[in-house]
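A.B. asks: Dropping in coords_9.txt, which is compact mmCIF, N, CA, C and O atoms:
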```
# COMPACT_ATOMS: atom_id res chain seq x y z
N MET A 1 5.98 -11.28 8.28
CA MET A 1 5.11 -10.31 7.68
C MET A 1 3.74 -10.94 7.48
O MET A 1 3.59 -11.88 6.73
N ALA A 2 2.76 -10.40 8.17
CA ALA A 2 1.42 -10.96 8.11
C ALA A 2 0.42 -10.00 7.50
O ALA A 2 -0.75 -10.31 7.40
N GLY A 3 0.86 -8.82 7.09
CA GLY A 3 -0.06 -7.84 6.53
C GLY A 3 -0.30 -8.06 5.05
O GLY A 3 0.49 -8.68 4.35
N ASN A 4 -1.42 -7.56 4.60
CA ASN A 4 -1.76 -7.55 3.18
C ASN A 4 -1.58 -6.12 2.69
O ASN A 4 -2.26 -5.21 3.17
N ASP A 5 -0.67 -5.92 1.77
CA ASP A 5 -0.40 -4.59 1.24
C ASP A 5 -1.12 -4.41 -0.08
O ASP A 5 -0.99 -5.24 -0.98
N ILE A 6 -1.86 -3.32 -0.18
CA ILE A 6 -2.60 -3.03 -1.40
C ILE A 6 -2.30 -1.59 -1.80
O ILE A 6 -2.44 -0.67 -1.00
N LEU A 7 -1.88 -1.41 -3.04
CA LEU A 7 -1.61 -0.08 -3.58
C LEU A 7 -2.86 0.43 -4.28
O LEU A 7 -3.46 -0.28 -5.08
N PHE A 8 -3.28 1.67 -3.94
CA PHE A 8 -4.49 2.21 -4.56
C PHE A 8 -4.33 3.71 -4.79
O PHE A 8 -3.42 4.35 -4.27
N ASP A 9 -5.21 4.27 -5.56
CA ASP A 9 -5.22 5.69 -5.90
C ASP A 9 -5.62 6.51 -4.68
O ASP A 9 -6.70 6.31 -4.12
N SER A 10 -4.78 7.45 -4.29
CA SER A 10 -5.02 8.23 -3.06
C SER A 10 -6.29 9.07 -3.11
O SER A 10 -6.80 9.47 -2.06
N THR A 11 -6.82 9.32 -4.29
CA THR A 11 -8.05 10.11 -4.36
C THR A 11 -9.24 9.36 -3.75
O THR A 11 -10.27 9.96 -3.47
N TYR A 12 -9.06 8.05 -3.53
CA TYR A 12 -10.13 7.24 -2.94
C TYR A 12 -9.87 6.90 -1.48
O TYR A 12 -10.49 6.00 -0.93
N ARG A 13 -8.97 7.63 -0.84
CA ARG A 13 -8.59 7.30 0.53
C ARG A 13 -9.78 7.31 1.49
O ARG A 13 -9.94 6.40 2.30
N LYS A 14 -10.63 8.32 1.41
CA LYS A 14 -11.78 8.39 2.30
C LYS A 14 -12.78 7.27 2.01
O LYS A 14 -13.33 6.67 2.92
N GLU A 15 -12.99 6.98 0.73
CA GLU A 15 -13.92 5.91 0.36
C GLU A 15 -13.44 4.56 0.88
O GLU A 15 -14.24 3.74 1.36
N VAL A 16 -12.13 4.31 0.78
CA VAL A 16 -11.57 3.07 1.31
C VAL A 16 -11.79 3.00 2.81
O VAL A 16 -12.22 1.99 3.35
N LYS A 17 -11.51 4.11 3.50
CA LYS A 17 -11.71 4.16 4.95
C LYS A 17 -13.17 3.87 5.30
O LYS A 17 -13.45 3.05 6.18
N ASP A 18 -14.09 4.51 4.62
CA ASP A 18 -15.52 4.28 4.88
C ASP A 18 -15.91 2.82 4.66
O ASP A 18 -16.67 2.24 5.44
N LEU A 19 -15.36 2.22 3.60
CA LEU A 19 -15.68 0.82 3.30
C LEU A 19 -15.17 -0.12 4.38
O LEU A 19 -15.91 -0.97 4.87
N VAL A 20 -13.91 0.03 4.78
CA VAL A 20 -13.37 -0.90 5.76
C VAL A 20 -14.01 -0.70 7.14
O VAL A 20 -14.19 -1.66 7.89
N LEU A 21 -14.40 0.53 7.45
CA LEU A 21 -15.13 0.75 8.70
C LEU A 21 -16.51 0.08 8.64
O LEU A 21 -16.96 -0.50 9.62
N PHE A 22 -17.15 0.15 7.49
CA PHE A 22 -18.43 -0.52 7.29
C PHE A 22 -18.29 -2.03 7.48
O PHE A 22 -19.20 -2.70 7.97
N LEU A 23 -17.12 -2.56 7.12
CA LEU A 23 -16.84 -3.99 7.25
C LEU A 23 -16.30 -4.35 8.64
O LEU A 23 -15.78 -5.45 8.84
N ASP A 24 -16.43 -3.43 9.58
CA ASP A 24 -16.06 -3.64 10.99
C ASP A 24 -14.56 -3.77 11.26
O ASP A 24 -14.16 -4.42 12.21
N TYR A 25 -13.74 -3.15 10.45
CA TYR A 25 -12.31 -3.08 10.73
C TYR A 25 -12.06 -1.91 11.67
O TYR A 25 -12.83 -0.94 11.71
N GLU A 26 -10.95 -1.97 12.40
CA GLU A 26 -10.52 -0.87 13.25
C GLU A 26 -9.39 -0.14 12.55
O GLU A 26 -8.59 -0.74 11.82
N ILE A 27 -9.29 1.15 12.79
CA ILE A 27 -8.21 1.95 12.22
C ILE A 27 -7.03 1.95 13.20
O ILE A 27 -7.17 2.36 14.34
N GLU A 28 -5.89 1.46 12.72
CA GLU A 28 -4.67 1.57 13.52
C GLU A 28 -3.93 2.86 13.16
O GLU A 28 -3.34 3.51 14.01
N SER A 29 -3.97 3.22 11.88
CA SER A 29 -3.28 4.41 11.41
C SER A 29 -4.00 4.93 10.17
O SER A 29 -4.34 4.14 9.28
N TYR A 30 -4.23 6.24 10.12
CA TYR A 30 -4.91 6.83 8.97
C TYR A 30 -4.29 8.18 8.64
O TYR A 30 -4.17 9.05 9.50
N TYR A 31 -3.87 8.32 7.40
CA TYR A 31 -3.37 9.58 6.84
C TYR A 31 -2.13 10.11 7.56
O TYR A 31 -1.91 11.31 7.66
N LYS A 32 -1.33 9.20 8.11
CA LYS A 32 -0.11 9.60 8.81
C LYS A 32 1.14 9.36 7.97
O LYS A 32 2.14 10.05 8.15
N MET A 33 1.09 8.38 7.12
CA MET A 33 2.24 8.04 6.28
C MET A 33 1.75 7.72 4.87
O MET A 33 0.69 8.20 4.47
N ASN A 34 2.49 6.86 4.20
CA ASN A 34 2.11 6.48 2.84
C ASN A 34 1.11 5.34 2.81
O ASN A 34 0.74 4.87 1.75
N HIS A 35 0.68 4.90 3.99
CA HIS A 35 -0.32 3.83 4.03
C HIS A 35 -1.20 3.99 5.27
O HIS A 35 -0.80 4.56 6.27
N ASP A 36 -2.41 3.48 5.13
CA ASP A 36 -3.36 3.42 6.24
C ASP A 36 -3.45 1.97 6.67
O ASP A 36 -3.41 1.06 5.84
N VAL A 37 -3.57 1.74 7.98
CA VAL A 37 -3.58 0.38 8.49
C VAL A 37 -4.93 0.09 9.13
O VAL A 37 -5.40 0.84 9.98
N TYR A 38 -5.53 -1.03 8.71
CA TYR A 38 -6.82 -1.46 9.21
C TYR A 38 -6.70 -2.88 9.77
O TYR A 38 -6.08 -3.74 9.15
N LEU A 39 -7.30 -3.10 10.92
CA LEU A 39 -7.22 -4.39 11.60
C LEU A 39 -8.61 -4.94 11.90
O LEU A 39 -9.55 -4.17 12.14
N LYS A 40 -8.69 -6.26 11.89
CA LYS A 40 -9.93 -6.93 12.29
C LYS A 40 -9.54 -8.25 12.95
O LYS A 40 -8.83 -9.06 12.34
N ALA A 41 -9.98 -8.42 14.17
CA ALA A 41 -9.67 -9.65 14.91
C ALA A 41 -10.30 -10.84 14.20
O ALA A 41 -11.36 -10.70 13.60
N PRO A 42 -9.67 -11.96 14.21
CA PRO A 42 -8.48 -12.28 15.00
C PRO A 42 -7.16 -12.06 14.26
O PRO A 42 -6.11 -11.93 14.89
N ILE A 43 -7.18 -12.00 12.89
CA ILE A 43 -5.88 -12.01 12.20
C ILE A 43 -5.75 -11.03 11.04
O ILE A 43 -4.70 -10.97 10.42
N TYR A 44 -6.76 -10.29 10.70
CA TYR A 44 -6.71 -9.50 9.47
C TYR A 44 -5.99 -8.18 9.67
O TYR A 44 -6.29 -7.42 10.58
N ASN A 45 -5.03 -7.91 8.79
CA ASN A 45 -4.23 -6.69 8.84
C ASN A 45 -4.02 -6.22 7.41
O ASN A 45 -3.33 -6.88 6.63
N TYR A 46 -4.61 -5.09 7.07
CA TYR A 46 -4.48 -4.54 5.72
C TYR A 46 -3.76 -3.21 5.78
O TYR A 46 -4.14 -2.33 6.55
N GLU A 47 -2.72 -3.07 4.96
CA GLU A 47 -2.02 -1.81 4.77
C GLU A 47 -2.41 -1.29 3.40
O GLU A 47 -2.02 -1.86 2.38
N MET A 48 -3.18 -0.24 3.39
CA MET A 48 -3.66 0.34 2.15
C MET A 48 -2.70 1.47 1.76
O MET A 48 -2.69 2.53 2.37
N HIS A 49 -1.87 1.20 0.75
CA HIS A 49 -0.80 2.11 0.35
C HIS A 49 -1.24 3.08 -0.73
O HIS A 49 -1.80 2.66 -1.73
N VAL A 50 -0.89 4.35 -0.54
CA VAL A 50 -1.06 5.33 -1.61
C VAL A 50 0.25 5.50 -2.36
O VAL A 50 0.29 6.09 -3.44
N SER A 51 1.34 5.01 -1.79
CA SER A 51 2.63 4.85 -2.47
C SER A 51 3.34 3.70 -1.77
O SER A 51 3.03 3.37 -0.63
N LEU A 52 4.28 3.08 -2.46
CA LEU A 52 4.92 1.91 -1.89
C LEU A 52 5.91 2.26 -0.77
O LEU A 52 6.15 1.46 0.12
N PHE A 53 6.49 3.45 -0.83
CA PHE A 53 7.42 3.91 0.21
C PHE A 53 7.12 5.35 0.55
O PHE A 53 6.59 6.11 -0.27
N ASP A 54 7.50 5.77 1.77
CA ASP A 54 7.35 7.17 2.14
C ASP A 54 8.67 7.91 1.93
O ASP A 54 9.65 7.34 1.46
N LYS A 55 8.70 9.17 2.29
CA LYS A 55 9.86 10.02 2.03
C LYS A 55 11.08 9.67 2.88
O LYS A 55 12.16 10.18 2.63
N SER A 56 10.93 8.82 3.88
CA SER A 56 12.05 8.50 4.75
C SER A 56 13.10 7.63 4.07
O SER A 56 14.22 7.50 4.55
N ILE A 57 12.75 7.01 2.95
CA ILE A 57 13.71 6.20 2.19
C ILE A 57 13.69 6.70 0.74
O ILE A 57 13.06 6.11 -0.14
N PRO A 58 14.37 7.83 0.47
CA PRO A 58 14.23 8.50 -0.84
C PRO A 58 14.60 7.64 -2.04
O PRO A 58 13.95 7.73 -3.08
N GLY A 59 15.62 6.81 -1.94
CA GLY A 59 16.01 5.98 -3.09
C GLY A 59 14.92 5.02 -3.51
O GLY A 59 14.60 4.90 -4.69
N PHE A 60 14.35 4.33 -2.52
CA PHE A 60 13.25 3.40 -2.83
C PHE A 60 12.01 4.17 -3.27
O PHE A 60 11.31 3.72 -4.19
N LEU A 61 11.73 5.30 -2.64
CA LEU A 61 10.56 6.10 -3.02
C LEU A 61 10.65 6.48 -4.50
O LEU A 61 9.69 6.29 -5.24
N GLU A 62 11.78 6.98 -4.93
CA GLU A 62 11.93 7.41 -6.31
C GLU A 62 11.79 6.23 -7.28
O GLU A 62 11.06 6.30 -8.27
N TYR A 63 12.48 5.14 -6.97
CA TYR A 63 12.45 3.97 -7.86
C TYR A 63 11.03 3.42 -7.99
O TYR A 63 10.53 3.18 -9.10
N TYR A 64 10.36 3.22 -6.87
CA TYR A 64 9.03 2.62 -6.92
C TYR A 64 7.95 3.59 -7.37
O TYR A 64 6.93 3.16 -7.90
N THR A 65 8.16 4.89 -7.21
CA THR A 65 7.22 5.85 -7.78
C THR A 65 7.22 5.74 -9.30
O THR A 65 6.17 5.80 -9.94
N GLN A 66 8.41 5.56 -9.88
CA GLN A 66 8.49 5.36 -11.33
C GLN A 66 7.79 4.08 -11.75
O GLN A 66 7.10 4.04 -12.77
N LEU A 67 7.95 3.02 -10.94
CA LEU A 67 7.24 1.77 -11.27
C LEU A 67 5.73 1.93 -11.16
O LEU A 67 4.99 1.39 -11.98
N GLU A 68 5.28 2.66 -10.14
CA GLU A 68 3.84 2.88 -9.99
C GLU A 68 3.27 3.53 -11.24
O GLU A 68 2.21 3.15 -11.73
N LYS A 69 3.97 4.53 -11.77
CA LYS A 69 3.52 5.21 -12.99
C LYS A 69 3.50 4.23 -14.17
O LYS A 69 2.57 4.23 -14.96
N LYS A 70 4.52 3.40 -14.25
CA LYS A 70 4.58 2.41 -15.33
C LYS A 70 3.41 1.44 -15.24
O LYS A 70 2.73 1.17 -16.21
N TYR A 71 3.15 0.94 -14.04
CA TYR A 71 2.06 -0.02 -13.86
C TYR A 71 0.70 0.62 -14.08
O TYR A 71 -0.21 -0.02 -14.59
N ALA A 72 0.55 1.88 -13.71
CA ALA A 72 -0.73 2.57 -13.91
C ALA A 72 -1.10 2.64 -15.38
O ALA A 72 -2.27 2.68 -15.73
N ASN A 73 -0.10 2.64 -16.26
CA ASN A 73 -0.35 2.71 -17.70
C ASN A 73 -0.57 1.34 -18.34
O ASN A 73 -0.74 1.24 -19.53
N GLN A 74 -0.59 0.29 -17.54
CA GLN A 74 -0.77 -1.05 -18.08
C GLN A 74 -2.21 -1.56 -17.95
O GLN A 74 -2.47 -2.73 -18.17
N GLY A 75 -3.11 -0.69 -17.56
CA GLY A 75 -4.51 -1.11 -17.44
C GLY A 75 -4.69 -2.14 -16.35
O GLY A 75 -4.18 -1.98 -15.25
N SER A 76 -5.39 -3.22 -16.65
CA SER A 76 -5.67 -4.24 -15.63
C SER A 76 -4.49 -5.17 -15.39
O SER A 76 -4.52 -5.97 -14.47
N ASN A 77 -3.45 -5.09 -16.20
CA ASN A 77 -2.27 -5.95 -16.06
C ASN A 77 -1.24 -5.27 -15.16
O ASN A 77 -0.14 -4.94 -15.58
N ARG A 78 -1.59 -5.03 -13.90
CA ARG A 78 -0.73 -4.30 -12.97
C ARG A 78 -0.05 -5.25 -12.00
O ARG A 78 -0.59 -5.57 -10.95
N HIS A 79 1.11 -5.70 -12.35
CA HIS A 79 1.87 -6.52 -11.43
C HIS A 79 3.36 -6.28 -11.64
O HIS A 79 3.79 -5.93 -12.73
N MET A 80 4.11 -6.45 -10.58
CA MET A 80 5.55 -6.27 -10.66
C MET A 80 6.18 -7.51 -11.27
O MET A 80 5.67 -8.62 -11.11
N ASN A 81 7.33 -7.30 -11.91
CA ASN A 81 8.08 -8.47 -12.33
C ASN A 81 8.72 -9.09 -11.09
O ASN A 81 8.70 -8.51 -10.00
N VAL A 82 9.26 -10.26 -11.22
CA VAL A 82 9.79 -11.01 -10.08
C VAL A 82 10.89 -10.23 -9.36
O VAL A 82 10.93 -10.20 -8.12
N ASN A 83 11.77 -9.59 -10.10
CA ASN A 83 12.88 -8.86 -9.48
C ASN A 83 12.39 -7.66 -8.67
O ASN A 83 12.83 -7.45 -7.53
N ASP A 84 11.49 -6.86 -9.23
CA ASP A 84 10.96 -5.71 -8.51
C ASP A 84 10.18 -6.14 -7.28
O ASP A 84 10.25 -5.51 -6.23
N ALA A 85 9.43 -7.22 -7.40
CA ALA A 85 8.65 -7.71 -6.26
C ALA A 85 9.57 -8.19 -5.14
O ALA A 85 9.33 -7.89 -3.97
N TYR A 86 10.63 -8.88 -5.49
CA TYR A 86 11.57 -9.37 -4.48
C TYR A 86 12.23 -8.21 -3.73
O TYR A 86 12.27 -8.20 -2.50
N VAL A 87 12.72 -7.24 -4.47
CA VAL A 87 13.36 -6.08 -3.83
C VAL A 87 12.35 -5.34 -2.97
O VAL A 87 12.66 -4.92 -1.85
N TYR A 88 11.11 -5.20 -3.44
CA TYR A 88 10.09 -4.53 -2.64
C TYR A 88 9.84 -5.27 -1.33
O TYR A 88 9.78 -4.67 -0.25
N ILE A 89 9.70 -6.57 -1.39
CA ILE A 89 9.43 -7.36 -0.17
C ILE A 89 10.57 -7.22 0.83
O ILE A 89 10.34 -6.99 2.02
N ILE A 90 11.80 -7.32 0.38
CA ILE A 90 12.95 -7.19 1.26
C ILE A 90 13.04 -5.77 1.82
O ILE A 90 13.22 -5.57 3.04
N ALA A 91 12.88 -4.77 0.98
CA ALA A 91 12.97 -3.38 1.44
C ALA A 91 11.82 -3.04 2.38
O ALA A 91 12.00 -2.33 3.37
N HIS A 92 10.64 -3.54 2.10
CA HIS A 92 9.49 -3.29 2.96
C HIS A 92 9.67 -3.93 4.33
O HIS A 92 9.32 -3.35 5.34
N ALA A 93 10.24 -5.13 4.34
CA ALA A 93 10.51 -5.79 5.62
C ALA A 93 11.53 -5.00 6.44
O ALA A 93 11.44 -4.92 7.66
N TYR A 94 12.50 -4.38 5.75
CA TYR A 94 13.50 -3.57 6.42
C TYR A 94 12.86 -2.40 7.13
O TYR A 94 13.11 -2.07 8.23
```
Write out the structure in this file as structure tokens.

C.D. replies:
Amino acid sequence: MAGNDILFDSTYRKEVKDLVLFLDYEIESYYKMNHDVYLKAPIYNYEMHVSLFDKSIPGFLEYYTQLEKKYANQGSNRHMNVNDAYVYIIAHAY
């Protein structure tokens, strides 16, 4: 896994796209799933997530949607605990 995953508020999807295009990234995928993919040679790969999972994996979608709401209420202290992060990394790799 070489991508950088960033979760952000979907209301800023166009602004994020405009910013990364300004920074000379290429769009691999935009508005097709729960994340947009931006690439820049030689090695940069950013997955900008509006949710951690899409509808194709309902169990993970439901669980992590609840976590997203929990983290959104924590202000600037938005990070997963070790267990949630581990499960996310394994599930995301799957």

A.B. asks: Would you tabulate, counting all atoms listed in the file, all residues of region 27-50 of chain A that have an atom at most 7 Å from an atom of region 5-18 of chain A, showing the closest pair of atoms and their distance in Å to one decimal, sorted by chain then ascending number, as a tab-separated table?

C.D. replies:
```
residue	atom	partner	partner_atom	distance
A:Asn34	O	A:Ile6	O	7.0
A:Asn45	O	A:Asp5	N	5.6
A:Tyr46	CA	A:Asp5	N	5.7
A:Glu47	O	A:Ile6	N	3.0
A:Met48	C	A:Ile6	O	3.5
A:His49	N	A:Ile6	O	2.6
A:Val50	CA	A:Phe8	O	3.7
```

A.B. asks: Calculate, to one decimal in Å, the centre and edge lengths of the box along x, y and z of the file that holds all listed atoms of region 32-35 of chain A with 5 Å of margin on each side, and present them as lines of an AutoDock Vina configuration file.

C.D. replies:
```
center_x = 0.6
center_y = 6.9
center_z = 5.3
size_x = 13.8
size_y = 16.2
size_z = 17.1
```

A.B. asks: Identify which of the residues A:Ile89, A:Leu19, A:Leu52, A:Leu61 lies closest to His35 (chain A), counting only C-alpha atoms when measuring atom-to-atom distances.

C.D. replies: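 Under the stated criterion, the closest residue is A:Leu52.
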
A.B. asks: Calculate how many Å separate atom N of Ala91 (chain A) from CA of His79 (chain A), rounding to one decimal.

C.D. replies: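 Pair atom N of Ala91 (chain A) / CA of His79 (chain A) returns 16.7 Å.
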
A.B. asks: If DSSP is run on the backbone, what residues of chain A are alpha helix (DSSP H)? A reply as an MDAnalysis selection string would be ideal.

C.D. replies: chainID A and resid 13:22 58:72 82:93

A.B. asks: When you look at Val37 (chain A) with a cut-off of 4.5 Å (counting all atoms listed in the file), what residues show up, excluding the ones that are within fewer than 3 positions of it in the same chain? I need them as a PyMOL selection string.

C.D. replies: chain A and resi 26-29+46

A.B. asks: Could you go through chain A and tell me which residues DSSP, when run on the backbone, assigns to strand (DSSP E), listing them as a list in words?

C.D. replies: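 The strand (DSSP E) residues within chain A come out as Asn4, Asp5, Ile6, Leu7, Glu26, Ile27, Glu28, Ser29, His35, Asp36, Val37, Tyr38, Leu39, Lys40, Tyr44, Asn45, Tyr46, Glu47, Met48 and His49 of chain A.
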
A.B. asks: Could you check how far CA of Ala41 (chain A) sits from CA of Ala85 (chain A), in Å to one decimal?

C.D. replies: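 Answer for the CA of Ala41 (chain A) to CA of Ala85 (chain A) separation: 28.1 Å.
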